[in-house]
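S.K.: So I've got this file, query07.tsv, and it contains TSV, C-alpha atoms:
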```
chain	number	residue	atom	x	y	z
A	155	MET	CA	9.11	-16.62	12.63
A	156	SER	CA	8.87	-13.54	10.39
A	157	ILE	CA	12.65	-13.37	10.02
A	158	THR	CA	12.84	-17.08	9.16
A	159	LYS	CA	10.24	-16.56	6.46
A	160	HIS	CA	12.14	-13.63	5.01
A	161	VAL	CA	15.40	-15.57	4.95
A	162	CYS	CA	13.68	-18.44	3.13
A	163	ASP	CA	12.15	-16.00	0.65
A	164	THR	CA	15.57	-14.50	-0.01
A	165	PHE	CA	16.75	-17.80	-1.44
A	166	LEU	CA	13.64	-17.87	-3.61
A	167	GLY	CA	14.76	-14.71	-5.44
A	168	TRP	CA	15.12	-16.91	-8.49
A	169	ARG	CA	11.34	-16.53	-8.94
A	170	ARG	CA	11.98	-12.89	-9.77
A	171	ALA	CA	14.79	-14.05	-12.04
A	172	LEU	CA	12.31	-16.28	-13.90
A	173	GLN	CA	10.02	-13.28	-14.33
A	174	CYS	CA	13.00	-11.32	-15.62
A	175	ILE	CA	13.59	-13.99	-18.27
A	176	ILE	CA	9.97	-14.49	-19.34
A	177	SER	CA	8.73	-10.87	-19.39
A	178	PRO	CA	10.16	-9.80	-22.80
A	179	HIS	CA	8.87	-13.00	-24.43
A	180	LEU	CA	5.35	-12.48	-23.04
A	181	GLY	CA	5.44	-8.90	-24.29
A	182	HIS	CA	6.53	-10.02	-27.76
A	183	LEU	CA	3.77	-12.64	-27.88
A	184	SER	CA	1.20	-10.00	-26.88
A	185	ASP	CA	2.36	-7.80	-29.77
A	186	LYS	CA	1.98	-10.71	-32.17
A	187	TYR	CA	-1.17	-12.47	-30.95
A	188	GLY	CA	-2.89	-9.84	-28.82
A	189	ARG	CA	-2.92	-8.87	-25.14
A	190	LYS	CA	-6.02	-10.85	-24.15
A	191	PRO	CA	-5.01	-14.37	-25.29
A	192	VAL	CA	-1.53	-14.06	-23.76
A	193	LEU	CA	-3.00	-12.72	-20.52
A	194	LEU	CA	-5.41	-15.66	-20.38
A	195	ALA	CA	-2.54	-18.08	-21.04
A	196	THR	CA	-0.58	-16.65	-18.10
A	197	MET	CA	-3.67	-16.93	-15.91
A	198	ILE	CA	-3.92	-20.63	-16.77
A	199	GLY	CA	-0.29	-20.94	-15.68
A	200	ASN	CA	-1.19	-19.29	-12.38
A	201	VAL	CA	-4.05	-21.76	-11.94
A	202	LEU	CA	-1.63	-24.64	-12.47
A	203	SER	CA	0.73	-23.09	-9.91
A	204	ALA	CA	-2.09	-22.91	-7.35
A	205	VAL	CA	-3.10	-26.54	-8.00
A	206	VAL	CA	0.48	-27.70	-7.38
A	207	TRP	CA	0.62	-25.50	-4.28
A	208	ILE	CA	-2.55	-27.08	-2.83
A	209	GLN	CA	-1.08	-30.57	-3.18
A	210	SER	CA	2.46	-29.58	-2.18
A	211	THR	CA	3.79	-31.72	0.68
A	212	SER	CA	7.52	-31.29	0.08
A	213	PHE	CA	9.91	-28.40	-0.46
A	214	ALA	CA	10.59	-29.60	-4.01
A	215	SER	CA	6.91	-29.47	-4.99
A	216	PHE	CA	6.63	-26.04	-3.34
A	217	LEU	CA	9.56	-24.82	-5.47
A	218	LEU	CA	7.85	-26.27	-8.55
A	219	SER	CA	4.73	-24.28	-7.73
A	220	ARG	CA	6.76	-21.09	-7.35
A	221	ALA	CA	8.61	-21.77	-10.61
A	222	ILE	CA	5.37	-22.23	-12.54
A	223	GLY	CA	4.03	-19.04	-10.97
A	224	GLY	CA	7.19	-17.13	-11.86
A	225	LEU	CA	7.04	-18.21	-15.50
A	226	SER	CA	3.34	-17.30	-15.64
A	227	GLU	CA	3.69	-13.87	-14.03
A	228	GLY	CA	2.41	-11.76	-16.91
A	229	ASN	CA	-0.73	-10.17	-15.48
A	230	VAL	CA	0.95	-6.99	-14.20
A	231	GLN	CA	3.06	-6.43	-17.30
A	232	LEU	CA	0.15	-7.06	-19.68
A	233	SER	CA	-2.18	-4.90	-17.57
A	234	ILE	CA	0.29	-2.04	-17.97
A	235	ALA	CA	0.39	-2.63	-21.74
A	236	ILE	CA	-3.43	-2.72	-21.94
A	237	ILE	CA	-3.81	0.51	-19.99
A	238	SER	CA	-1.11	2.11	-22.16
A	239	ASP	CA	-3.05	1.04	-25.26
A	240	VAL	CA	-6.22	2.86	-24.24
A	241	THR	CA	-4.84	6.02	-22.60
A	242	THR	CA	-3.18	9.13	-23.97
A	243	GLN	CA	0.10	10.46	-22.66
A	244	GLU	CA	-1.82	13.04	-20.65
A	245	THR	CA	-3.87	10.35	-18.86
A	246	ARG	CA	-1.25	7.59	-18.77
A	247	SER	CA	-0.03	8.02	-15.19
A	248	ARG	CA	-3.60	8.37	-13.96
A	249	GLY	CA	-4.55	5.09	-15.62
A	250	LEU	CA	-1.47	3.20	-14.50
A	251	SER	CA	-2.01	4.31	-10.91
A	252	LEU	CA	-4.96	1.88	-10.82
A	253	VAL	CA	-2.46	-0.99	-10.96
A	254	GLY	CA	-0.56	0.52	-8.03
A	255	ILE	CA	-3.76	1.06	-6.05
A	256	ALA	CA	-4.73	-2.58	-6.56
A	257	PHE	CA	-1.28	-3.67	-5.37
A	258	ALA	CA	-1.43	-1.44	-2.31
A	259	ILE	CA	-4.89	-2.65	-1.29
A	260	CYS	CA	-3.97	-6.32	-1.76
A	261	PHE	CA	-0.71	-5.67	0.12
A	262	CYS	CA	-2.89	-4.65	3.09
A	263	ILE	CA	-5.64	-7.27	3.01
A	264	GLY	CA	-3.90	-10.27	1.40
A	265	PRO	CA	-1.51	-11.32	4.21
A	266	PRO	CA	-4.16	-11.17	7.00
A	267	ILE	CA	-6.61	-13.15	4.88
A	268	GLY	CA	-3.96	-15.75	4.05
A	269	ALA	CA	-2.89	-15.96	7.69
A	270	TRP	CA	-6.49	-16.46	8.87
A	271	PHE	CA	-7.21	-19.21	6.35
A	272	SER	CA	-3.91	-20.94	7.12
A	273	THR	CA	-5.20	-21.48	10.68
A	274	HIS	CA	-8.46	-22.99	9.41
A	275	PRO	CA	-7.54	-26.17	7.51
A	276	LEU	CA	-9.89	-27.77	5.04
A	277	PRO	CA	-12.18	-30.46	6.54
A	278	ILE	CA	-10.93	-32.97	3.99
A	279	SER	CA	-7.37	-32.49	5.26
A	280	ALA	CA	-8.34	-34.59	8.29
A	281	SER	CA	-8.75	-37.60	6.02
A	282	PRO	CA	-5.91	-40.10	6.61
A	283	ASN	CA	-5.79	-40.84	2.88
A	284	LEU	CA	-5.26	-37.20	1.84
A	285	GLU	CA	-2.16	-35.30	2.86
A	286	LEU	CA	-2.35	-31.49	2.52
A	287	ASN	CA	-0.01	-28.79	3.72
A	288	VAL	CA	-1.01	-26.13	6.27
A	289	TYR	CA	-1.40	-23.53	3.51
A	290	ALA	CA	-3.77	-25.63	1.39
A	291	THR	CA	-6.77	-23.50	2.41
A	292	PRO	CA	-5.32	-20.12	1.29
A	293	ALA	CA	-4.02	-21.88	-1.83
A	294	LEU	CA	-7.55	-23.10	-2.58
A	295	LEU	CA	-8.87	-19.56	-2.05
A	296	SER	CA	-6.26	-18.30	-4.52
A	297	LEU	CA	-7.37	-20.92	-7.03
A	298	ILE	CA	-11.02	-19.88	-6.72
A	299	LEU	CA	-10.13	-16.19	-7.17
A	300	LEU	CA	-8.00	-17.02	-10.21
A	301	LEU	CA	-10.86	-18.94	-11.82
A	302	VAL	CA	-13.26	-16.06	-11.16
A	303	GLU	CA	-10.73	-13.66	-12.67
A	304	ILE	CA	-10.39	-15.79	-15.81
A	305	VAL	CA	-14.17	-15.76	-16.30
A	306	LEU	CA	-14.25	-11.96	-15.92
A	307	LEU	CA	-11.40	-11.56	-18.41
A	308	VAL	CA	-13.08	-13.79	-20.97
A	309	VAL	CA	-16.41	-11.99	-20.63
A	310	ALA	CA	-15.44	-8.36	-20.08
A	311	LEU	CA	-11.92	-7.65	-21.37
A	312	PRO	CA	-11.69	-6.40	-24.97
A	313	GLU	CA	-8.60	-6.81	-27.14
A	314	THR	CA	-6.67	-3.54	-27.02
A	315	ARG	CA	-3.60	-4.15	-29.18
A	316	GLN	CA	-5.16	-2.28	-32.10
A	317	LEU	CA	-6.50	0.52	-29.88
A	318	ALA	CA	-3.11	1.97	-28.95
A	319	ALA	CA	-3.42	5.72	-28.66
A	320	THR	CA	-1.24	7.63	-31.13
A	321	PRO	CA	0.11	10.96	-29.82
A	322	THR	CA	-1.07	14.08	-31.49
A	323	GLU	CA	0.99	15.57	-34.30
A	324	LYS	CA	0.40	19.10	-33.12
A	325	THR	CA	0.76	20.88	-29.85
A	326	PRO	CA	-0.44	24.34	-28.93
A	327	THR	CA	2.05	27.15	-28.54
A	328	SER	CA	2.06	29.54	-25.63
A	329	SER	CA	-0.19	31.88	-27.60
A	330	GLY	CA	-2.79	29.16	-28.06
A	331	ASP	CA	-1.92	28.42	-31.71
A	332	SER	CA	-2.32	24.67	-32.31
A	333	SER	CA	-0.76	24.65	-35.76
A	334	THR	CA	2.83	24.25	-34.60
A	335	GLU	CA	4.12	20.71	-35.12
A	336	THR	CA	6.47	19.14	-32.67
A	337	THR	CA	9.54	17.27	-33.79
A	338	LYS	CA	9.24	13.66	-32.74
A	339	ALA	CA	12.11	11.81	-31.17
A	340	SER	CA	13.91	9.43	-33.51
A	341	VAL	CA	14.01	5.67	-33.16
A	342	ALA	CA	17.57	5.86	-31.79
A	343	GLU	CA	16.53	8.47	-29.21
A	344	ARG	CA	13.55	6.41	-28.09
A	345	LEU	CA	15.66	3.27	-27.75
A	346	SER	CA	18.28	5.22	-25.80
A	347	THR	CA	15.61	6.58	-23.46
A	348	LEU	CA	14.16	3.10	-22.94
A	349	HIS	CA	17.65	1.85	-22.07
A	350	ARG	CA	18.13	4.67	-19.56
A	351	LEU	CA	14.71	4.05	-18.02
A	352	GLY	CA	15.48	0.34	-17.72
A	353	ARG	CA	18.74	1.12	-15.95
A	354	VAL	CA	17.01	3.48	-13.52
A	355	HIS	CA	14.26	0.89	-12.98
A	356	PHE	CA	16.83	-1.79	-12.15
A	357	LEU	CA	18.93	0.36	-9.82
A	358	PHE	CA	15.95	1.85	-8.01
A	359	LEU	CA	14.16	-1.45	-7.40
A	360	ALA	CA	17.38	-3.14	-6.32
A	361	LEU	CA	17.84	-0.44	-3.66
A	362	PHE	CA	14.18	-0.02	-2.71
A	363	SER	CA	13.43	-3.74	-2.45
A	364	GLY	CA	16.50	-4.18	-0.26
A	365	VAL	CA	15.27	-1.50	2.12
A	366	GLU	CA	11.71	-2.83	2.09
A	367	PHE	CA	12.83	-6.43	2.58
A	368	THR	CA	15.02	-5.76	5.62
A	369	LEU	CA	12.56	-3.42	7.33
A	370	THR	CA	11.12	-6.17	9.53
A	371	PHE	CA	14.64	-7.31	10.42
A	372	LEU	CA	15.26	-3.83	11.82
A	373	SER	CA	12.01	-3.67	13.78
A	374	PHE	CA	12.69	-7.10	15.29
A	375	ASP	CA	16.29	-6.29	16.21
A	376	LEU	CA	15.57	-2.87	17.73
A	377	PHE	CA	12.11	-3.31	19.24
A	378	ASP	CA	11.54	-7.09	19.32
A	379	TRP	CA	8.32	-6.59	17.36
A	380	ASN	CA	6.07	-9.54	16.67
A	381	ASN	CA	4.20	-10.33	13.46
A	382	ALA	CA	1.18	-8.23	14.45
A	383	GLN	CA	3.30	-5.13	15.06
A	384	ASN	CA	5.22	-5.63	11.83
A	385	GLY	CA	1.90	-6.14	10.07
A	386	ARG	CA	0.66	-2.74	11.29
A	387	LEU	CA	3.82	-1.10	10.00
A	388	LEU	CA	3.49	-2.70	6.58
A	389	MET	CA	-0.22	-1.94	6.48
A	390	THR	CA	0.59	1.72	7.13
A	391	ILE	CA	2.80	1.72	4.04
A	392	GLY	CA	0.09	0.03	1.97
A	393	VAL	CA	-2.77	2.29	3.10
A	394	VAL	CA	-0.80	5.52	2.66
A	395	SER	CA	0.44	4.34	-0.75
A	396	ALA	CA	-3.11	3.58	-1.91
A	397	ILE	CA	-4.36	6.99	-0.70
A	398	LEU	CA	-1.50	8.79	-2.44
A	399	GLN	CA	-2.06	6.95	-5.72
A	400	GLY	CA	-5.79	7.57	-5.58
A	401	GLY	CA	-5.35	11.27	-4.84
A	402	TYR	CA	-1.90	12.74	-5.40
A	403	VAL	CA	-0.71	10.63	-8.36
A	404	ARG	CA	-4.01	10.65	-10.27
A	405	ARG	CA	-4.32	14.42	-9.91
A	406	ALA	CA	-0.68	15.43	-10.40
A	407	LYS	CA	-0.16	18.11	-13.05
A	408	PHE	CA	3.61	17.84	-13.39
A	409	ALA	CA	5.68	15.53	-15.58
A	410	GLU	CA	6.31	11.87	-14.82
A	411	ALA	CA	10.07	12.46	-14.66
A	412	ALA	CA	9.59	14.95	-11.81
A	413	MET	CA	7.34	12.49	-9.99
A	414	ALA	CA	9.92	9.72	-10.31
A	415	ARG	CA	12.68	11.98	-9.01
A	416	ARG	CA	10.60	13.05	-6.02
A	417	GLY	CA	9.92	9.42	-5.17
A	418	VAL	CA	13.61	8.49	-5.35
A	419	PHE	CA	14.49	11.50	-3.19
A	420	THR	CA	11.96	10.55	-0.50
A	421	CYS	CA	13.31	7.00	-0.55
A	422	ALA	CA	16.81	8.38	0.09
A	423	VAL	CA	15.44	10.40	3.01
A	424	ALA	CA	13.59	7.38	4.44
A	425	THR	CA	16.68	5.19	4.15
A	426	GLY	CA	18.77	7.87	5.85
A	427	ILE	CA	16.28	7.93	8.73
A	428	LEU	CA	16.49	4.15	9.05
A	429	ALA	CA	20.29	4.41	9.25
A	430	THR	CA	19.98	6.59	12.38
A	431	LEU	CA	17.53	4.33	14.27
A	432	PRO	CA	20.10	2.03	15.93
A	433	SER	CA	21.53	5.05	17.77
A	434	PHE	CA	18.09	5.88	19.24
A	435	ALA	CA	17.16	2.42	20.48
A	436	GLY	CA	18.95	2.51	23.85
A	437	GLY	CA	16.41	3.40	26.58
A	438	ASN	CA	12.61	3.47	26.71
A	439	ALA	CA	12.41	7.17	25.79
A	440	SER	CA	14.85	6.67	22.94
A	441	LYS	CA	12.89	3.65	21.72
A	442	GLY	CA	9.74	5.74	21.62
A	443	LYS	CA	11.50	8.32	19.47
A	444	ALA	CA	12.95	5.58	17.27
A	445	THR	CA	9.49	4.06	16.78
A	446	SER	CA	8.11	7.44	15.70
A	447	LEU	CA	11.00	7.88	13.27
A	448	LEU	CA	10.36	4.40	11.90
A	449	TYR	CA	6.78	5.35	11.06
A	450	VAL	CA	7.97	8.62	9.49
A	451	ALA	CA	10.31	6.59	7.29
A	452	ALA	CA	7.39	4.25	6.47
A	453	VAL	CA	5.31	7.19	5.22
A	454	PHE	CA	8.21	8.33	3.02
A	455	LEU	CA	8.53	4.79	1.67
A	456	ALA	CA	4.79	4.79	0.94
A	457	PHE	CA	5.25	7.96	-1.14
A	458	THR	CA	8.08	6.24	-3.00
A	459	SER	CA	5.97	3.15	-3.58
A	460	ALA	CA	3.15	5.29	-4.95
A	461	THR	CA	5.19	7.28	-7.43
A	462	VAL	CA	8.43	5.93	-8.87
A	463	VAL	CA	7.52	2.68	-10.63
A	464	ASN	CA	4.23	4.13	-11.89
A	465	ALA	CA	6.08	7.12	-13.39
A	466	LEU	CA	8.84	4.99	-14.93
A	467	ASN	CA	6.26	2.64	-16.50
A	468	ALA	CA	4.40	5.61	-17.96
A	469	MET	CA	7.59	7.12	-19.38
A	470	ALA	CA	8.62	3.79	-20.92
A	471	SER	CA	5.22	3.27	-22.54
A	472	MET	CA	5.32	6.75	-24.08
A	473	GLN	CA	8.36	5.81	-26.13
A	474	CYS	CA	6.17	3.29	-28.01
A	475	ASP	CA	3.02	5.35	-28.58
A	476	ASP	CA	3.77	6.24	-32.21
A	477	ALA	CA	2.56	3.24	-34.19
A	478	GLY	CA	4.65	4.21	-37.21
A	479	VAL	CA	7.92	4.32	-35.29
A	480	ALA	CA	7.08	1.10	-33.45
A	481	ALA	CA	6.43	-0.66	-36.76
A	482	ALA	CA	9.81	0.53	-38.05
A	483	HIS	CA	11.72	-1.10	-35.20
A	484	PRO	CA	10.59	-4.29	-33.41
A	485	GLU	CA	12.25	-3.19	-30.14
A	486	LEU	CA	9.70	-0.35	-29.95
A	487	ALA	CA	6.68	-2.64	-30.12
A	488	LYS	CA	4.85	-1.76	-26.92
A	489	GLY	CA	4.47	-5.23	-25.43
A	490	LYS	CA	8.10	-6.20	-26.00
A	491	ALA	CA	9.47	-2.83	-24.86
A	492	LEU	CA	7.43	-2.86	-21.65
A	493	GLY	CA	8.41	-6.50	-21.12
A	494	ARG	CA	12.09	-5.56	-21.26
A	495	HIS	CA	11.45	-2.62	-18.95
A	496	ARG	CA	9.71	-4.85	-16.40
A	497	SER	CA	12.44	-7.45	-16.82
A	498	ALA	CA	15.02	-4.92	-15.64
A	499	GLY	CA	12.91	-4.10	-12.60
A	500	GLN	CA	12.35	-7.75	-11.70
A	501	LEU	CA	16.10	-8.41	-11.91
A	502	GLY	CA	16.57	-5.58	-9.42
A	503	ARG	CA	13.94	-7.10	-7.14
A	504	ALA	CA	15.73	-10.45	-7.32
A	505	ILE	CA	19.20	-9.09	-6.54
A	506	GLY	CA	18.36	-6.27	-4.12
A	507	PRO	CA	17.05	-8.29	-1.14
A	508	ILE	CA	19.94	-10.77	-1.36
A	509	LEU	CA	22.57	-8.02	-1.31
A	510	ALA	CA	20.71	-6.07	1.40
A	511	CYS	CA	20.42	-9.15	3.64
A	512	ALA	CA	24.09	-9.97	3.15
A	513	ALA	CA	25.07	-6.41	4.08
A	514	TYR	CA	22.63	-6.22	6.99
A	515	TRP	CA	23.97	-9.34	8.68
A	516	THR	CA	27.60	-8.52	7.86
A	517	VAL	CA	28.09	-4.83	8.63
A	518	GLY	CA	24.86	-4.00	10.47
A	519	PRO	CA	21.82	-1.82	9.72
A	520	ALA	CA	23.44	1.59	10.20
A	521	ILE	CA	26.09	1.07	7.52
A	522	THR	CA	23.71	-0.84	5.23
A	523	TYR	CA	21.02	1.84	5.25
A	524	GLY	CA	23.60	4.63	5.21
A	525	ALA	CA	25.17	3.21	2.05
A	526	GLY	CA	21.70	2.72	0.58
A	527	ALA	CA	20.78	6.36	1.26
A	528	ILE	CA	23.97	7.54	-0.46
A	529	ALA	CA	23.29	5.29	-3.47
A	530	LEU	CA	19.71	6.57	-3.75
A	531	ALA	CA	20.91	10.18	-3.50
A	532	ALA	CA	23.38	9.48	-6.31
A	533	LEU	CA	20.59	7.95	-8.42
A	534	PHE	CA	18.44	11.02	-7.78
A	535	ALA	CA	21.29	13.31	-8.89
A	536	SER	CA	21.89	11.30	-12.06
A	537	MET	CA	18.19	11.47	-12.93
A	538	ARG	CA	18.24	15.26	-12.56
A	539	MET	CA	21.22	15.54	-14.89
A	540	ASP	CA	19.87	13.20	-17.59
A	541	ARG	CA	17.96	15.48	-19.96
A	542	ALA	CA	16.76	12.51	-22.03
A	543	LEU	CA	14.53	11.46	-19.12
A	544	THR	CA	12.85	14.87	-18.92
A	545	LYS	CA	11.65	15.01	-22.53
A	546	LYS	CA	8.43	13.69	-24.02
A	547	PRO	CA	9.06	11.33	-26.97
A	548	GLN	CA	7.37	13.80	-29.37
A	549	GLN	CA	9.99	16.39	-28.50
A	550	LYS	CA	13.42	16.58	-30.05
A	551	ILE	CA	16.25	15.75	-27.69
A	552	ASP	CA	19.31	17.90	-28.27
```
Translate this structure into structure tokens?

M.R.:
Amino acid sequence: MSITKHVCDTFLGWRRALQCIISPHLGHLSDKYGRKPVLLATMIGNVLSAVVWIQSTSFASFLLSRAIGGLSEGNVQLSIAIISDVTTQETRSRGLSLVGIAFAICFCIGPPIGAWFSTHPLPISASPNLELNVYATPALLSLILLLVEIVLLVVALPETRQLAATPTEKTPTSSGDSSTETTKASVAERLSTLHRLGRVHFLFLALFSGVEFTLTFLSFDLFDWNNAQNGRLLMTIGVVSAILQGGYVRRAKFAEAAMARRGVFTCAVATGILATLPSFAGGNASKGKATSLLYVAAVFLAFTSATVVNALNAMASMQCDDAGVAAAHPELAKGKALGRHRSAGQLGRAIGPILACAAYWTVGPAITYGAGAIALAALFASMRMDRALTKKPQQKID
């Protein structure tokens, strides 16, 4: 049942593709009209998606619901822009980690809640004159939560477009003298760095989402796990990721580039471990060892989930902190730049699972994960060698 669902979702990767298309436009609109009104407009789109979902009784209407949701998926991107507006470069990663914590928590509690409500249909669904699908109850719950969220946004969220923090013109020297001015990166250097970050974002999420997506295939093939056992594995990733973002990421004292590299490296290690599991799944003793290794890999993946995207988002937003430079080039307007950055990541999320599934069912898990580990190791090495990704935008890049 779980595998069937995943296969169906693979063919719905176009929803990510829709997000890839719409993200830069939503970012541009938020630069022009403000973050709050555009965020509210996307929330209304999500409400419409939920309404269609509740009444969906055919695959076509379900696809319509997903399409509307994909085109309205601006809450994450605009939340990142809002947090970037009100934080300094020193506090950026700490602020953005709140988005990751929210994702990790919902990743843990959302599926069980949806599964429980799907087994408790609405009383009105028994009416012979009203046809509702089995997921109408969780869809209705989603609609209620979306409406509550809209009310909270209207009442409590301020407009932040004009509050964007401008980086300081001066930085202290090693002797404590704060009169030394740093040389800011040029427009061309910032655009080049954004391009590099977008490429890393795309490649990483294509590889990571492929590994994440096929994880339950592996557990089913090797251990014949059911949905409950797979749920515990995925919950482990979510809980550990939330703990790491609440503690490690928010308190980290080193640069975002180093955090991103560490996350990519741990993902390569985790994928390498997964590549060895088929050789351990022979007898009962070997299966026990393979299960332990699977959970070790899950912890590594949780570290990756907690660090890489958060760090890349922070680095991308820093290229747009200087209001003067952003005004001089429209591509450096924060909303649009972050929209393009997210667009690259969403394209990776759309392509990665499809390629990973094709490889998994064609050449098997060992070769698929082995190739993935090599690709992630190569990405890690390229990030270490790219000096542009290790510099703050206020610093001159040689």

S.K.: Would you mind reading off the distance between CA of Ile304 (chain A) and CA of Val192 (chain A), one decimal, in Å?

M.R.: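 Computing the Euclidean distance for CA of Ile304 (chain A) and CA of Val192 (chain A) yields 12.0 Å.
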
S.K.: Just to confirm, what's the straight-line distance from CA of Arg415 (chain A) to CA of Phe534 (chain A) in Å (one decimal)?

M.R.: 6.0 Å

S.K.: What are the closest atom pairs, with distances in Å to one decimal, for each residue of region 414-505 of chain A lying within 7 Å of region 373-395 of chain A, using only C-alpha atoms, rows by chain and rising residue number, as CSV?

M.R.:
```
residue,atom,partner,partner_atom,distance
A:Pro432,CA,A:Leu376,CA,6.9
A:Ala435,CA,A:Leu376,CA,6.2
A:Ala452,CA,A:Ile391,CA,5.8
A:Val453,CA,A:Ile391,CA,6.1
A:Leu455,CA,A:Ile391,CA,6.9
A:Ala456,CA,A:Ser395,CA,4.7
A:Phe457,CA,A:Ser395,CA,6.0
A:Ser459,CA,A:Ser395,CA,6.3
A:Ala460,CA,A:Ser395,CA,5.1
```

S.K.: To one decimal in Å, tell me the separation between CA of Ala468 (chain A) and CA of Arg416 (chain A).

M.R.: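 Spanning CA of Ala468 (chain A) to CA of Arg416 (chain A) is a straight-line distance of 15.4 Å.
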
S.K.: So, with only C-alpha atoms as the atoms that count, which of A:Ala339, A:Val206, A:Ala406, A:Cys174 lies closest to Arg248 (chain A)?

M.R.: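 The answer is A:Ala406, which sits nearest to Arg248 (chain A).
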
S.K.: So that each row is one residue of region 389-456 of chain A with an atom at most 12 Å from region 502-518 of chain A, can you give its shortest atom pair and the distance in Å to one decimal, using only C-alpha atoms, rows by chain and rising number, as a tab-separated table?

M.R.:
```
residue	atom	partner	partner_atom	distance
A:Leu428	CA	A:Gly518	CA	11.8
A:Ala429	CA	A:Gly518	CA	9.6
A:Thr430	CA	A:Gly518	CA	11.8
A:Leu431	CA	A:Gly518	CA	11.7
A:Pro432	CA	A:Gly518	CA	9.4
```

S.K.: Can I get the residues of region 386-468 of chain A within 9 Å of region 522-527 of chain A, each with the closest pair of atoms and their distance in Å to one decimal, using all atoms listed in the file, sorted chain first then ascending number, as CSV?

M.R.:
```
residue,atom,partner,partner_atom,distance
A:Cys421,CA,A:Ala527,CA,7.7
A:Ala422,CA,A:Ala527,CA,4.6
A:Val423,CA,A:Ala527,CA,6.9
A:Ala424,CA,A:Ala527,CA,7.9
A:Thr425,CA,A:Ala527,CA,5.2
A:Gly426,CA,A:Ala527,CA,5.2
A:Ile427,CA,A:Tyr523,CA,8.5
A:Leu428,CA,A:Tyr523,CA,6.3
A:Ala429,CA,A:Tyr523,CA,4.8
A:Thr430,CA,A:Gly524,CA,8.3
```

S.K.: What would the file look like if the residues just selected were written as an mmCIF file, in the frame of the given file with C-alpha atoms?

M.R.:
```cif
data_model
loop_
_atom_site.group_PDB
_atom_site.id
_atom_site.type_symbol
_atom_site.label_atom_id
_atom_site.label_comp_id
_atom_site.auth_asym_id
_atom_site.auth_seq_id
_atom_site.Cartn_x
_atom_site.Cartn_y
_atom_site.Cartn_z
ATOM 1 C CA CYS A 421 13.310 7.000 -0.550
ATOM 2 C CA ALA A 422 16.810 8.380 0.090
ATOM 3 C CA VAL A 423 15.440 10.400 3.010
ATOM 4 C CA ALA A 424 13.590 7.380 4.440
ATOM 5 C CA THR A 425 16.680 5.190 4.150
ATOM 6 C CA GLY A 426 18.770 7.870 5.850
ATOM 7 C CA ILE A 427 16.280 7.930 8.730
ATOM 8 C CA LEU A 428 16.490 4.150 9.050
ATOM 9 C CA ALA A 429 20.290 4.410 9.250
ATOM 10 C CA THR A 430 19.980 6.590 12.380
#
```

S.K.: Which residue, A:Gln173, A:Gln500, A:Ser238, A:Ser446, has the smallest gap to Lys488 (chain A) when you use all atoms listed in the file?

M.R.: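 The answer is A:Ser238, which sits nearest to Lys488 (chain A).
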
S.K.: I want to know what sits within 10 Å of Arg350 (chain A), based on all atoms listed in the file, with residues of the same chain fewer than 5 positions away left out; could you give that as a PyMOL selection string?

M.R.: chain A and resi 344-345+355-356+470+495+537+540+542-543

S.K.: Could you give me, as a PDB file with C-alpha atoms, in the coordinates of the input, the residues that sit within 10 Å of (9.1, -8.5, -23.5) in the file's coordinates, counting all atoms listed in the file?

M.R.:
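Output file part-v3.pdb follows:
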```pdb
ATOM      1  CA  CYS A 174      13.000 -11.320 -15.620  1.00  0.00           C
ATOM      2  CA  ILE A 175      13.590 -13.990 -18.270  1.00  0.00           C
ATOM      3  CA  ILE A 176       9.970 -14.490 -19.340  1.00  0.00           C
ATOM      4  CA  SER A 177       8.730 -10.870 -19.390  1.00  0.00           C
ATOM      5  CA  PRO A 178      10.160  -9.800 -22.800  1.00  0.00           C
ATOM      6  CA  HIS A 179       8.870 -13.000 -24.430  1.00  0.00           C
ATOM      7  CA  LEU A 180       5.350 -12.480 -23.040  1.00  0.00           C
ATOM      8  CA  GLY A 181       5.440  -8.900 -24.290  1.00  0.00           C
ATOM      9  CA  HIS A 182       6.530 -10.020 -27.760  1.00  0.00           C
ATOM     10  CA  LEU A 183       3.770 -12.640 -27.880  1.00  0.00           C
ATOM     11  CA  SER A 184       1.200 -10.000 -26.880  1.00  0.00           C
ATOM     12  CA  ASP A 185       2.360  -7.800 -29.770  1.00  0.00           C
ATOM     13  CA  GLY A 228       2.410 -11.760 -16.910  1.00  0.00           C
ATOM     14  CA  GLN A 231       3.060  -6.430 -17.300  1.00  0.00           C
ATOM     15  CA  LEU A 232       0.150  -7.060 -19.680  1.00  0.00           C
ATOM     16  CA  GLU A 485      12.250  -3.190 -30.140  1.00  0.00           C
ATOM     17  CA  ALA A 487       6.680  -2.640 -30.120  1.00  0.00           C
ATOM     18  CA  LYS A 488       4.850  -1.760 -26.920  1.00  0.00           C
ATOM     19  CA  GLY A 489       4.470  -5.230 -25.430  1.00  0.00           C
ATOM     20  CA  LYS A 490       8.100  -6.200 -26.000  1.00  0.00           C
ATOM     21  CA  ALA A 491       9.470  -2.830 -24.860  1.00  0.00           C
ATOM     22  CA  LEU A 492       7.430  -2.860 -21.650  1.00  0.00           C
ATOM     23  CA  GLY A 493       8.410  -6.500 -21.120  1.00  0.00           C
ATOM     24  CA  ARG A 494      12.090  -5.560 -21.260  1.00  0.00           C
ATOM     25  CA  HIS A 495      11.450  -2.620 -18.950  1.00  0.00           C
ATOM     26  CA  ARG A 496       9.710  -4.850 -16.400  1.00  0.00           C
ATOM     27  CA  SER A 497      12.440  -7.450 -16.820  1.00  0.00           C
TER      28      SER A 497
END
```
